>>> print(open('query-v5.tsv').read())   # TSV, C-alpha atoms
chain	number	residue	atom	x	y	z
C	197	MET	CA	-11.56	-1.80	51.58
C	198	ASN	CA	-8.13	-2.56	50.12
C	199	VAL	CA	-9.73	-4.50	47.27
C	200	ARG	CA	-11.98	-1.52	46.41
C	201	LYS	CA	-8.97	0.80	46.47
C	202	THR	CA	-7.01	-1.55	44.20
C	203	VAL	CA	-9.89	-1.73	41.69
C	204	LYS	CA	-10.28	2.05	41.81
C	205	ASP	CA	-6.54	2.55	41.21
C	206	LEU	CA	-6.65	0.08	38.32
C	207	LEU	CA	-9.56	1.91	36.69
C	208	ILE	CA	-7.78	5.25	37.05
C	209	PHE	CA	-4.67	3.71	35.49
C	210	LEU	CA	-6.64	2.29	32.53
C	211	LEU	CA	-8.42	5.61	31.99
C	212	SER	CA	-5.09	7.42	31.97
C	213	ILE	CA	-3.81	5.04	29.27
C	214	LEU	CA	-6.91	5.64	27.14
C	215	LEU	CA	-6.52	9.40	27.58
C	216	THR	CA	-2.85	9.19	26.58
C	217	ILE	CA	-3.78	7.28	23.40
C	218	ARG	CA	-6.43	9.88	22.50
C	219	ILE	CA	-3.95	12.72	23.04
C	220	TRP	CA	-1.29	10.92	20.97
C	221	ARG	CA	-3.74	10.35	18.11
C	222	ALA	CA	-4.84	13.98	18.15
C	223	ALA	CA	-1.20	15.09	18.15
C	224	SER	CA	-0.42	12.73	15.26
C	225	GLN	CA	-3.29	14.14	13.26
C	226	LEU	CA	-2.17	17.70	13.95
C	227	SER	CA	1.41	16.81	13.01
C	228	GLN	CA	0.37	15.17	9.74
C	229	THR	CA	-1.79	18.13	8.74
C	230	SER	CA	0.94	20.66	9.54
C	231	GLU	CA	3.57	18.75	7.54
C	232	ILE	CA	1.57	19.07	4.31
C	233	LYS	CA	1.81	22.74	3.41
C	234	PRO	CA	1.34	25.14	0.48
C	235	ALA	CA	4.05	24.66	-2.15
C	236	ASN	CA	5.63	28.12	-2.11
C	237	ASN	CA	9.11	27.00	-3.19
C	238	LYS	CA	8.32	24.60	-6.02
C	239	SER	CA	11.41	25.37	-8.09
C	240	GLU	CA	13.69	24.54	-5.16
C	241	ILE	CA	11.79	21.34	-4.41
C	242	LEU	CA	11.94	20.22	-8.04
C	243	GLU	CA	15.65	20.95	-8.22
C	244	ALA	CA	16.29	18.91	-5.05
C	245	MET	CA	14.55	15.79	-6.37
C	246	GLU	CA	16.62	12.65	-6.92
C	247	SER	CA	17.57	11.92	-10.56
C	248	TRP	CA	15.22	8.94	-10.95
C	249	GLN	CA	12.39	11.06	-9.55
C	250	LYS	CA	13.11	13.84	-12.05
C	251	ALA	CA	12.96	11.26	-14.85
C	252	LEU	CA	9.58	9.89	-13.76
C	253	CYS	CA	8.18	13.40	-13.21
C	254	ALA	CA	9.63	15.01	-16.35
C	255	ASN	CA	6.23	15.29	-18.07
C	256	GLN	CA	4.71	16.89	-14.98
C	257	ARG	CA	7.33	19.57	-14.33
C	258	GLU	CA	5.64	22.39	-16.25
C	259	GLN	CA	2.27	21.59	-14.70
C	260	PHE	CA	3.85	21.56	-11.24
C	261	LEU	CA	5.15	25.09	-11.78
C	262	LEU	CA	1.85	26.41	-13.14
C	263	ASP	CA	-0.54	24.88	-10.59
C	264	ASP	CA	-0.93	27.17	-7.57
C	265	ARG	CA	-3.18	24.71	-5.75
C	266	LEU	CA	-0.43	22.18	-5.07
C	267	GLN	CA	0.76	21.36	-1.57
C	268	SER	CA	4.23	20.06	-0.77
C	269	LEU	CA	4.64	16.74	0.98
C	270	PRO	CA	7.06	15.83	3.76
C	271	LEU	CA	9.98	13.69	2.60
C	272	MET	CA	10.14	10.15	3.91
C	273	HIS	CA	13.55	9.41	5.50
C	274	ARG	CA	14.29	13.12	5.88
C	275	GLU	CA	11.32	14.71	7.67
C	276	VAL	CA	9.42	11.58	8.69
C	277	THR	CA	10.69	8.03	9.11
C	278	PRO	CA	8.85	4.76	9.80
C	279	THR	CA	9.55	2.82	12.96
C	280	VAL	CA	11.00	-0.68	12.59
C	281	HIS	CA	8.10	-2.89	13.65
C	282	LEU	CA	5.11	-4.83	12.30
C	283	LYS	CA	2.78	-1.83	12.61
C	284	ASN	CA	3.55	-0.32	9.21
C	285	ILE	CA	1.44	-0.49	6.08
C	286	PHE	CA	3.01	0.80	2.86
C	287	ILE	CA	1.14	1.85	-0.30
C	288	VAL	CA	3.21	3.40	-3.11
C	289	GLU	CA	1.97	5.68	-5.89
C	290	SER	CA	4.74	4.70	-8.30
C	291	ALA	CA	3.59	7.01	-11.11
C	292	CYS	CA	4.36	10.70	-10.68
C	293	ASN	CA	0.72	11.58	-10.09
C	294	PRO	CA	-0.07	14.57	-7.81
C	295	GLN	CA	-3.80	13.81	-7.87
C	296	PRO	CA	-4.37	10.17	-6.89
C	297	LEU	CA	-7.44	8.34	-8.15
C	298	TYR	CA	-10.43	7.83	-5.88
C	299	ARG	CA	-9.82	4.09	-6.12
C	300	THR	CA	-6.35	4.58	-4.68
C	301	TRP	CA	-7.70	6.69	-1.83
C	302	CYS	CA	-10.26	3.93	-1.25
C	303	SER	CA	-7.42	1.45	-0.85
C	304	VAL	CA	-5.63	3.77	1.57
C	305	GLU	CA	-8.79	4.30	3.61
C	306	SER	CA	-9.71	0.62	3.77
C	307	TRP	CA	-6.31	-0.42	5.10
C	308	ALA	CA	-6.20	2.47	7.60
C	309	GLY	CA	-9.73	1.70	8.75
C	310	GLN	CA	-9.12	-2.00	9.30
C	311	HIS	CA	-5.84	-1.31	11.15
C	312	PRO	CA	-6.35	1.75	13.39
C	313	ASP	CA	-3.32	0.73	15.48
C	314	LYS	CA	-0.95	0.74	12.49
C	315	ASP	CA	0.78	3.56	10.60
C	316	LEU	CA	-0.44	3.78	7.00
C	317	TRP	CA	2.34	5.21	4.83
C	318	TYR	CA	1.01	6.44	1.50
C	319	ILE	CA	4.19	7.22	-0.45
C	320	LEU	CA	4.01	9.37	-3.59
C	321	ILE	CA	6.70	9.80	-6.23
C	322	SER	CA	5.40	13.33	-6.79
C	323	PRO	CA	6.77	15.87	-4.28
C	324	PHE	CA	3.40	17.65	-4.45
C	325	ILE	CA	-0.23	16.73	-4.01
C	326	SER	CA	-3.42	18.34	-5.28
C	327	ASP	CA	-6.38	18.17	-2.94
C	328	THR	CA	-8.94	20.23	-4.84
C	329	THR	CA	-11.70	17.75	-3.93
C	330	GLY	CA	-10.81	17.87	-0.23
C	331	ILE	CA	-10.54	14.09	-0.04
C	332	MET	CA	-7.09	14.03	1.53
C	333	LYS	CA	-8.10	16.47	4.27
C	334	SER	CA	-11.28	14.48	4.93
C	335	LEU	CA	-9.31	11.27	5.28
C	336	LEU	CA	-6.66	12.83	7.53
C	337	ASP	CA	-9.43	14.23	9.73
C	338	GLN	CA	-11.02	10.78	10.02
C	339	TYR	CA	-7.90	8.57	10.23
C	340	PRO	CA	-4.98	9.92	12.29
C	341	ASN	CA	-2.88	6.88	11.35
C	342	ILE	CA	-2.55	7.94	7.67
C	343	ARG	CA	0.75	9.53	6.69
C	344	VAL	CA	0.99	11.01	3.18
C	345	VAL	CA	4.61	11.52	2.20
C	346	SER	CA	6.89	11.91	-0.80
C	347	SER	CA	9.60	9.38	-1.54
C	348	LYS	CA	13.31	9.46	-1.00
C	349	PHE	CA	13.90	5.90	-2.13
C	350	ARG	CA	17.65	6.17	-2.37
C	351	GLU	CA	17.63	5.78	1.43
C	352	THR	CA	15.19	2.88	1.19
C	353	PHE	CA	17.56	0.94	-1.08
C	354	ARG	CA	20.73	1.83	0.81
C	355	LYS	CA	22.50	-1.28	2.18
C	356	THR	CA	20.25	-3.65	0.23
C	357	PRO	CA	21.07	-5.90	-2.75
C	358	LEU	CA	19.17	-3.48	-5.01
C	359	TRP	CA	21.35	-0.44	-4.32
C	360	ASP	CA	23.41	-0.71	-7.51
C	361	LEU	CA	20.44	-1.63	-9.72
C	362	PHE	CA	18.39	1.28	-8.42
C	363	ASN	CA	21.19	3.80	-8.93
C	364	SER	CA	22.06	2.44	-12.37
C	365	ASP	CA	18.72	3.65	-13.77
C	366	LYS	CA	18.59	0.37	-15.73
C	367	TRP	CA	15.00	-0.04	-14.56
C	368	LEU	CA	14.12	3.32	-16.19
C	369	GLN	CA	15.55	2.57	-19.61
C	370	ASN	CA	14.22	0.58	-22.59
C	371	THR	CA	10.96	-0.20	-20.89
C	372	ALA	CA	7.32	0.78	-21.17
C	373	TRP	CA	6.81	0.20	-17.44
C	374	PRO	CA	9.36	2.12	-15.33
C	375	GLU	CA	6.71	2.75	-12.66
C	376	SER	CA	5.96	-0.97	-12.41
C	377	ASN	CA	9.68	-1.76	-12.24
C	378	LEU	CA	10.09	0.66	-9.34
C	379	SER	CA	7.08	-0.81	-7.56
C	380	ASN	CA	8.43	-4.35	-7.94
C	381	MET	CA	11.80	-3.33	-6.52
C	382	VAL	CA	10.64	-1.19	-3.62
C	383	ARG	CA	7.99	-3.48	-2.12
C	384	GLY	CA	10.47	-6.03	-0.79
C	385	ALA	CA	12.90	-3.33	0.34
C	386	LEU	CA	10.22	-1.52	2.39
C	387	VAL	CA	9.07	-4.65	4.22
C	388	TRP	CA	12.62	-5.94	4.73
C	389	LYS	CA	13.84	-2.61	6.11
C	390	TRP	CA	10.86	-1.52	8.22
C	391	GLY	CA	8.54	-4.50	8.62
C	392	GLY	CA	4.78	-4.65	8.31
C	393	VAL	CA	2.63	-4.81	5.18
C	394	TYR	CA	3.21	-3.75	1.62
C	395	THR	CA	0.11	-3.62	-0.57
C	396	ASP	CA	-0.60	-2.46	-4.09
C	397	SER	CA	-3.02	0.43	-4.50
C	398	ASP	CA	-5.63	-1.72	-6.29
C	399	THR	CA	-6.64	-3.59	-3.15
C	400	ILE	CA	-9.45	-3.12	-0.65
C	401	CYS	CA	-8.84	-4.50	2.82
C	402	ILE	CA	-12.03	-6.07	4.21
C	403	ARG	CA	-10.57	-7.62	7.38
C	404	SER	CA	-7.58	-6.93	9.56
C	405	THR	CA	-4.48	-8.85	8.52
C	406	THR	CA	-2.90	-8.52	11.97
C	407	LYS	CA	-3.09	-12.28	12.59
C	408	PHE	CA	-0.42	-12.80	9.91
C	409	THR	CA	3.20	-12.14	10.87
C	410	ASN	CA	4.97	-13.33	7.72
C	411	ALA	CA	2.74	-14.14	4.75
C	412	VAL	CA	2.33	-14.13	0.99
C	413	GLY	CA	-0.60	-15.39	-1.05
C	414	LEU	CA	-1.18	-17.66	-4.01
C	415	TYR	CA	-3.14	-16.19	-6.90
C	416	LYS	CA	-3.19	-19.49	-8.77
C	417	ASP	CA	-2.22	-23.06	-7.87
C	418	ASN	CA	1.46	-22.66	-8.72
C	419	GLY	CA	1.88	-18.89	-8.57
C	420	VAL	CA	2.48	-16.34	-5.79
C	421	ASN	CA	1.53	-12.69	-6.20
C	422	GLY	CA	3.31	-9.74	-4.61
C	423	ALA	CA	0.33	-7.37	-4.30
C	424	VAL	CA	0.25	-8.11	-0.56
C	425	LEU	CA	3.46	-8.86	1.33
C	426	ILE	CA	3.51	-9.20	5.12
C	427	GLY	CA	6.66	-9.66	7.12
C	428	GLN	CA	8.89	-9.00	10.04
C	429	PRO	CA	11.83	-6.66	9.50
C	430	ARG	CA	14.87	-8.43	8.02
C	431	HIS	CA	12.94	-11.56	7.00
C	432	GLN	CA	15.08	-13.62	4.63
C	433	ALA	CA	12.30	-13.97	2.03
C	434	PHE	CA	12.45	-10.27	1.19
C	435	TRP	CA	16.24	-10.25	1.10
C	436	MET	CA	16.08	-13.23	-1.27
C	437	LEU	CA	13.54	-11.36	-3.42
C	438	MET	CA	15.92	-8.40	-3.72
C	439	GLU	CA	18.83	-10.75	-4.49
C	440	TYR	CA	16.77	-12.42	-7.22
C	441	LEU	CA	15.94	-9.07	-8.82
C	442	LYS	CA	19.57	-8.00	-8.59
C	443	GLU	CA	20.67	-11.05	-10.59
C	444	ASN	CA	17.67	-11.54	-12.90
C	445	PHE	CA	16.11	-8.13	-13.49
C	446	LYS	CA	14.34	-7.69	-16.85
C	447	GLY	CA	12.79	-4.26	-17.11
C	448	ASN	CA	11.01	-4.89	-20.41
C	449	VAL	CA	9.25	-8.17	-19.56
C	450	TRP	CA	5.85	-7.72	-17.88
C	451	GLY	CA	5.43	-9.89	-14.78
C	452	HIS	CA	9.03	-11.08	-14.65
C	453	ASN	CA	10.01	-8.81	-11.75
C	454	GLY	CA	6.66	-9.19	-9.98
C	455	PRO	CA	4.72	-12.44	-9.55
C	456	GLU	CA	7.38	-14.53	-11.29
C	457	ALA	CA	10.11	-13.23	-8.98
C	458	ILE	CA	8.24	-13.84	-5.71
C	459	THR	CA	7.09	-17.23	-7.01
C	460	ARG	CA	10.70	-18.31	-7.66
C	461	VAL	CA	11.75	-17.13	-4.20
C	462	MET	CA	8.97	-19.11	-2.54
C	463	LYS	CA	9.84	-22.22	-4.57
C	464	LYS	CA	13.34	-21.96	-3.21
C	465	LEU	CA	12.11	-21.48	0.36
C	466	CYS	CA	9.68	-24.38	-0.02
C	467	LYS	CA	12.34	-26.58	-1.67
C	468	GLY	CA	10.08	-27.48	-4.59
C	469	ALA	CA	7.15	-28.71	-2.48
C	470	SER	CA	3.60	-28.31	-3.82
C	471	PHE	CA	2.29	-24.79	-3.20
C	472	SER	CA	-1.34	-25.94	-3.20
C	473	LYS	CA	-0.66	-28.63	-0.61
C	474	ILE	CA	1.28	-26.27	1.65
C	475	ALA	CA	-1.41	-23.57	1.46
C	476	SER	CA	-4.39	-25.92	1.88
C	477	ASN	CA	-2.75	-27.38	5.00
C	478	GLU	CA	-2.21	-23.82	6.31
C	479	GLU	CA	1.52	-24.38	6.41
C	480	GLY	CA	4.47	-22.26	5.43
C	481	CYS	CA	8.09	-22.44	4.37
C	482	GLN	CA	10.88	-21.29	6.65
C	483	ASN	CA	8.65	-19.02	8.75
C	484	MET	CA	6.76	-17.60	5.76
C	485	SER	CA	3.09	-18.54	5.54
C	486	LEU	CA	1.79	-19.40	2.09
C	487	LEU	CA	-1.91	-18.55	1.94
C	488	THR	CA	-4.56	-19.81	-0.44
C	489	ALA	CA	-5.90	-17.51	-3.16
C	490	ARG	CA	-9.10	-16.86	-1.22
C	491	HIS	CA	-7.16	-14.88	1.40
C	492	PHE	CA	-5.87	-12.03	-0.81
C	493	TYR	CA	-6.96	-12.87	-4.39
C	494	PRO	CA	-10.45	-14.39	-4.12
C	495	VAL	CA	-11.42	-13.20	-7.61
C	496	PRO	CA	-8.96	-14.52	-10.25
C	497	PHE	CA	-7.69	-12.00	-12.78
C	498	GLN	CA	-9.48	-13.94	-15.54
C	499	GLN	CA	-12.77	-13.07	-13.79
C	500	HIS	CA	-11.95	-9.38	-13.14
C	501	LYS	CA	-15.23	-8.20	-14.72
C	502	THR	CA	-17.02	-9.87	-11.79
C	503	PHE	CA	-16.08	-6.84	-9.67
C	504	MET	CA	-18.19	-4.43	-11.76
C	505	LEU	CA	-21.26	-6.54	-12.57
C	506	GLU	CA	-24.60	-5.06	-11.48
C	507	ARG	CA	-26.34	-7.14	-8.83
C	508	GLU	CA	-29.65	-7.17	-7.01
C	509	GLU	CA	-27.71	-7.48	-3.77
C	510	THR	CA	-24.11	-8.13	-2.74
C	511	ASP	CA	-23.45	-9.92	0.52
C	512	LEU	CA	-19.73	-9.45	1.06
C	513	GLU	CA	-19.73	-11.55	4.21
C	514	LYS	CA	-21.18	-14.49	2.32
C	515	LEU	CA	-19.09	-14.07	-0.84
C	516	PHE	CA	-15.78	-13.48	0.92
C	517	LYS	CA	-16.15	-15.06	4.34
C	518	ASP	CA	-12.55	-16.34	4.30
C	519	SER	CA	-10.98	-13.33	2.58
C	520	TYR	CA	-8.98	-10.43	3.96
C	521	VAL	CA	-8.25	-8.45	0.81
C	522	LEU	CA	-9.96	-7.86	-2.53
C	523	HIS	CA	-7.41	-7.33	-5.30
C	524	PHE	CA	-9.29	-5.75	-8.20
C	525	TRP	CA	-6.57	-6.00	-10.87
C	526	ASN	CA	-6.42	-2.34	-11.87
C	527	LYS	CA	-4.48	-3.01	-15.07
C	528	LEU	CA	-7.59	-4.87	-16.29
C	529	THR	CA	-10.38	-2.92	-14.55
C	530	LYS	CA	-9.14	0.69	-14.73
C	531	LYS	CA	-11.46	1.58	-17.64
C	532	ASP	CA	-14.52	0.03	-15.99
C	533	PRO	CA	-16.41	2.54	-13.81
C	534	ILE	CA	-17.66	1.82	-10.32
C	535	THR	CA	-21.28	2.91	-10.73
C	536	VAL	CA	-23.45	4.29	-7.94
C	537	GLY	CA	-26.44	2.06	-7.26
C	538	SER	CA	-25.07	-0.91	-9.18
C	539	LYS	CA	-24.55	-2.91	-5.99
C	540	SER	CA	-21.52	-4.41	-7.67
C	541	ILE	CA	-18.85	-6.03	-5.54
C	542	LEU	CA	-16.58	-2.98	-5.78
C	543	GLU	CA	-19.33	-0.45	-5.11
C	544	THR	CA	-20.54	-2.40	-2.09
C	545	ALA	CA	-16.99	-2.80	-0.78
C	546	ALA	CA	-16.25	0.90	-1.31
C	547	LYS	CA	-19.39	2.00	0.57
C	548	LYS	CA	-18.51	-0.23	3.50
C	549	PHE	CA	-14.72	-0.08	3.73
C	550	CYS	CA	-13.90	3.38	2.36
C	551	PRO	CA	-17.01	5.41	3.23
C	552	VAL	CA	-15.26	8.81	3.25
C	553	THR	CA	-13.81	8.20	-0.21
C	554	TYR	CA	-17.14	6.93	-1.50
C	555	ARG	CA	-18.95	10.01	-0.20
C	556	VAL	CA	-16.49	12.45	-1.79
C	557	ALA	CA	-16.20	10.49	-5.05
C	558	THR	CA	-19.97	10.30	-5.56
C	559	MET	CA	-20.77	13.84	-4.47
C	560	HIS	CA	-20.85	15.16	-8.04
C	561	SER	CA	-20.75	11.98	-10.12
C	562	HIS	CA	-22.58	8.67	-10.47
C	563	PHE	CA	-19.39	6.73	-11.09
C	564	PHE	CA	-15.69	6.75	-10.26
>>> encode(input="query-v5.tsv", output="structure tokens")
Amino acid sequence: MNVRKTVKDLLIFLLSILLTIRIWRAASQLSQTSEIKPANNKSEILEAMESWQKALCANQREQFLLDDRLQSLPLMHREVTPTVHLKNIFIVESACNPQPLYRTWCSVESWAGQHPDKDLWYILISPFISDTTGIMKSLLDQYPNIRVVSSKFRETFRKTPLWDLFNSDKWLQNTAWPESNLSNMVRGALVWKWGGVYTDSDTICIRSTTKFTNAVGLYKDNGVNGAVLIGQPRHQAFWMLMEYLKENFKGNVWGHNGPEAITRVMKKLCKGASFSKIASNEEGCQNMSLLTARHFYPVPFQQHKTFMLEREETDLEKLFKDSYVLHFWNKLTKKDPITVGSKSILETAAKKFCPVTYRVATMHSHFF
């Protein structure tokens, strides 16, 4: 009799936990939806932007004022703030773009879908967002763990080695890639400060990365890429990355502040040991796992056209059985459409891992 009562009490307890989780998720969804509101005070919002943000959004200012369909986003650090733990995923729209591409939404959806227990922070430089297609609302309805916010990066860089560099605006000047410079600086700061995952917006997550606590991935035998960074808050690798950028920043040299920087940091952590050997043996350096290219970069950038090739059939499980992320090298593939019915790697991945985005994107078009 006592055993039955104990089992009954345990079941009631477990059911109460499940109910609490459901209520919390519903509340989170309601909160996220209510925070994104019609932009009725655009002039005030534009005036309150940080100086670097005004510089990146200068060409958009007039359009912001004219477009009545824009919604204002909550400010990260002011209205919403991440929790310091491993359950964060950060994706940054480093261009001042109020209408993100479908491919970017696909990335957001894939990471949120594969990690329903984590908070997906989609951070825009733009203080506004345009949702004329309804894709953002559809995604927020489906995934209560997505948070769409605008940036207040001055707080992100506060008390980090990059504080002076960020405020100097050096990264904005004499360069064709200020957005890329910002992205390369902020990725390490976000993971160091809050913990979790940083990922570029040209990735599709095909498996949960939860098994990795601290990890970076090779994209070639002797090179590490920063498109996916995973780490505990305050991990020394990300502090070292910020220190390297502080001392060696070159805003007008493509790749210097990205893959080259994280590669140099890992060489220091690994004390010159062979990257390929460390990764193939599933080892790491000073509590930072170094993963083989198949984990995050299974298709080399030299073979980027592979993503768009028409196929009779695409078996993702067979092609990428050891992979967690597909990085589709947007700088190289952005002009190549994902075509409906092509059964290409990207179309197949989009249908499976970002189904809401795929449905909206293909509603009125045969490619996106």
>>> closest_atom_pairs(input="query-v5.tsv", of="range 455-512 of chain C", to="range 438-444 of chain C", cutoff="10 Å", atoms="all atoms listed in the file", output="Markdown table")
| residue | atom | partner | partner_atom | distance |
| --- | --- | --- | --- | --- |
| C:Ala457 | CA | C:Tyr440 | CA | 6.9 |
| C:Ile458 | CA | C:Tyr440 | CA | 8.8 |
| C:Arg460 | CA | C:Tyr440 | CA | 8.5 |
| C:Val461 | CA | C:Tyr440 | CA | 7.5 |
>>> atom_distance(input="query-v5.tsv", atom1="CA of Ile402 in chain C", atom2="CA of Trp307 in chain C")
8.1 Å
>>> closest_residue(input="query-v5.tsv", among="C:Trp367, C:Tyr318, C:Tyr493, C:Phe353", to="Leu271 in chain C", atoms="all atoms listed in the file")
C:Tyr318
>>> atom_distance(input="query-v5.tsv", atom1="CA of Glu305 in chain C", atom2="CA of Asn255 in chain C")
28.6 Å
>>> closest_residue(input="query-v5.tsv", among="C:Arg507, C:Lys548, C:Lys283, C:His560", to="His311 in chain C", atoms="only C-alpha atoms")
C:Lys283
>>> residues_around(input="query-v5.tsv", residues="range 415-431 of chain C", least_positions_apart="4", cutoff="7 Å", atoms="only C-alpha atoms", output="PyMOL selection string")
chain C and resi 280-282+387-396+409-411+435+454-455+458-459+471-472+489+493+496
>>> closest_residue(input="query-v5.tsv", among="C:Arg383, C:Arg403, C:Lys473, C:Arg354", to="Asn453 in chain C", atoms="only C-alpha atoms")
C:Arg383
>>> decode(input="query-v5.tsv", residues="range 378-390 of chain C", atoms="N, CA, C and O atoms", output="PDB file, in the first residue's frame")
ATOM      1  N   LEU C 378      32.815  43.716 -36.660  1.00  0.00           N
ATOM      2  CA  LEU C 378      31.985  43.657 -35.454  1.00  0.00           C
ATOM      3  C   LEU C 378      31.678  42.212 -35.084  1.00  0.00           C
ATOM      4  O   LEU C 378      31.785  41.817 -33.918  1.00  0.00           O
ATOM      5  N   SER C 379      31.308  41.426 -36.074  1.00  0.00           N
ATOM      6  CA  SER C 379      30.995  40.015 -35.832  1.00  0.00           C
ATOM      7  C   SER C 379      32.182  39.282 -35.231  1.00  0.00           C
ATOM      8  O   SER C 379      32.041  38.498 -34.281  1.00  0.00           O
ATOM      9  N   ASN C 380      33.377  39.530 -35.762  1.00  0.00           N
ATOM     10  CA  ASN C 380      34.575  38.856 -35.253  1.00  0.00           C
ATOM     11  C   ASN C 380      34.910  39.272 -33.831  1.00  0.00           C
ATOM     12  O   ASN C 380      35.443  38.478 -33.053  1.00  0.00           O
ATOM     13  N   MET C 381      34.600  40.510 -33.467  1.00  0.00           N
ATOM     14  CA  MET C 381      34.863  40.957 -32.101  1.00  0.00           C
ATOM     15  C   MET C 381      33.833  40.417 -31.112  1.00  0.00           C
ATOM     16  O   MET C 381      34.173  39.988 -30.014  1.00  0.00           O
ATOM     17  N   VAL C 382      32.567  40.441 -31.517  1.00  0.00           N
ATOM     18  CA  VAL C 382      31.504  40.194 -30.534  1.00  0.00           C
ATOM     19  C   VAL C 382      31.321  38.715 -30.216  1.00  0.00           C
ATOM     20  O   VAL C 382      30.848  38.360 -29.127  1.00  0.00           O
ATOM     21  N   ARG C 383      31.694  37.828 -31.132  1.00  0.00           N
ATOM     22  CA  ARG C 383      31.440  36.399 -30.897  1.00  0.00           C
ATOM     23  C   ARG C 383      32.139  35.887 -29.639  1.00  0.00           C
ATOM     24  O   ARG C 383      31.532  35.218 -28.800  1.00  0.00           O
ATOM     25  N   GLY C 384      33.422  36.218 -29.492  1.00  0.00           N
ATOM     26  CA  GLY C 384      34.136  35.773 -28.298  1.00  0.00           C
ATOM     27  C   GLY C 384      33.633  36.429 -27.041  1.00  0.00           C
ATOM     28  O   GLY C 384      33.563  35.802 -25.979  1.00  0.00           O
ATOM     29  N   ALA C 385      33.255  37.713 -27.148  1.00  0.00           N
ATOM     30  CA  ALA C 385      32.754  38.450 -25.979  1.00  0.00           C
ATOM     31  C   ALA C 385      31.444  37.847 -25.471  1.00  0.00           C
ATOM     32  O   ALA C 385      31.233  37.712 -24.262  1.00  0.00           O
ATOM     33  N   LEU C 386      30.543  37.490 -26.393  1.00  0.00           N
ATOM     34  CA  LEU C 386      29.249  36.918 -25.993  1.00  0.00           C
ATOM     35  C   LEU C 386      29.431  35.597 -25.251  1.00  0.00           C
ATOM     36  O   LEU C 386      28.825  35.370 -24.192  1.00  0.00           O
ATOM     37  N   VAL C 387      30.259  34.710 -25.812  1.00  0.00           N
ATOM     38  CA  VAL C 387      30.441  33.399 -25.176  1.00  0.00           C
ATOM     39  C   VAL C 387      31.214  33.548 -23.866  1.00  0.00           C
ATOM     40  O   VAL C 387      30.899  32.882 -22.874  1.00  0.00           O
ATOM     41  N   TRP C 388      32.221  34.420 -23.847  1.00  0.00           N
ATOM     42  CA  TRP C 388      32.980  34.608 -22.606  1.00  0.00           C
ATOM     43  C   TRP C 388      32.086  35.165 -21.506  1.00  0.00           C
ATOM     44  O   TRP C 388      32.140  34.716 -20.363  1.00  0.00           O
ATOM     45  N   LYS C 389      31.231  36.120 -21.850  1.00  0.00           N
ATOM     46  CA  LYS C 389      30.422  36.795 -20.827  1.00  0.00           C
ATOM     47  C   LYS C 389      29.244  35.951 -20.364  1.00  0.00           C
ATOM     48  O   LYS C 389      28.946  35.884 -19.170  1.00  0.00           O
ATOM     49  N   TRP C 390      28.558  35.277 -21.318  1.00  0.00           N
ATOM     50  CA  TRP C 390      27.307  34.599 -20.963  1.00  0.00           C
ATOM     51  C   TRP C 390      27.393  33.086 -21.021  1.00  0.00           C
ATOM     52  O   TRP C 390      26.607  32.403 -20.364  1.00  0.00           O
TER      53      TRP C 390
END
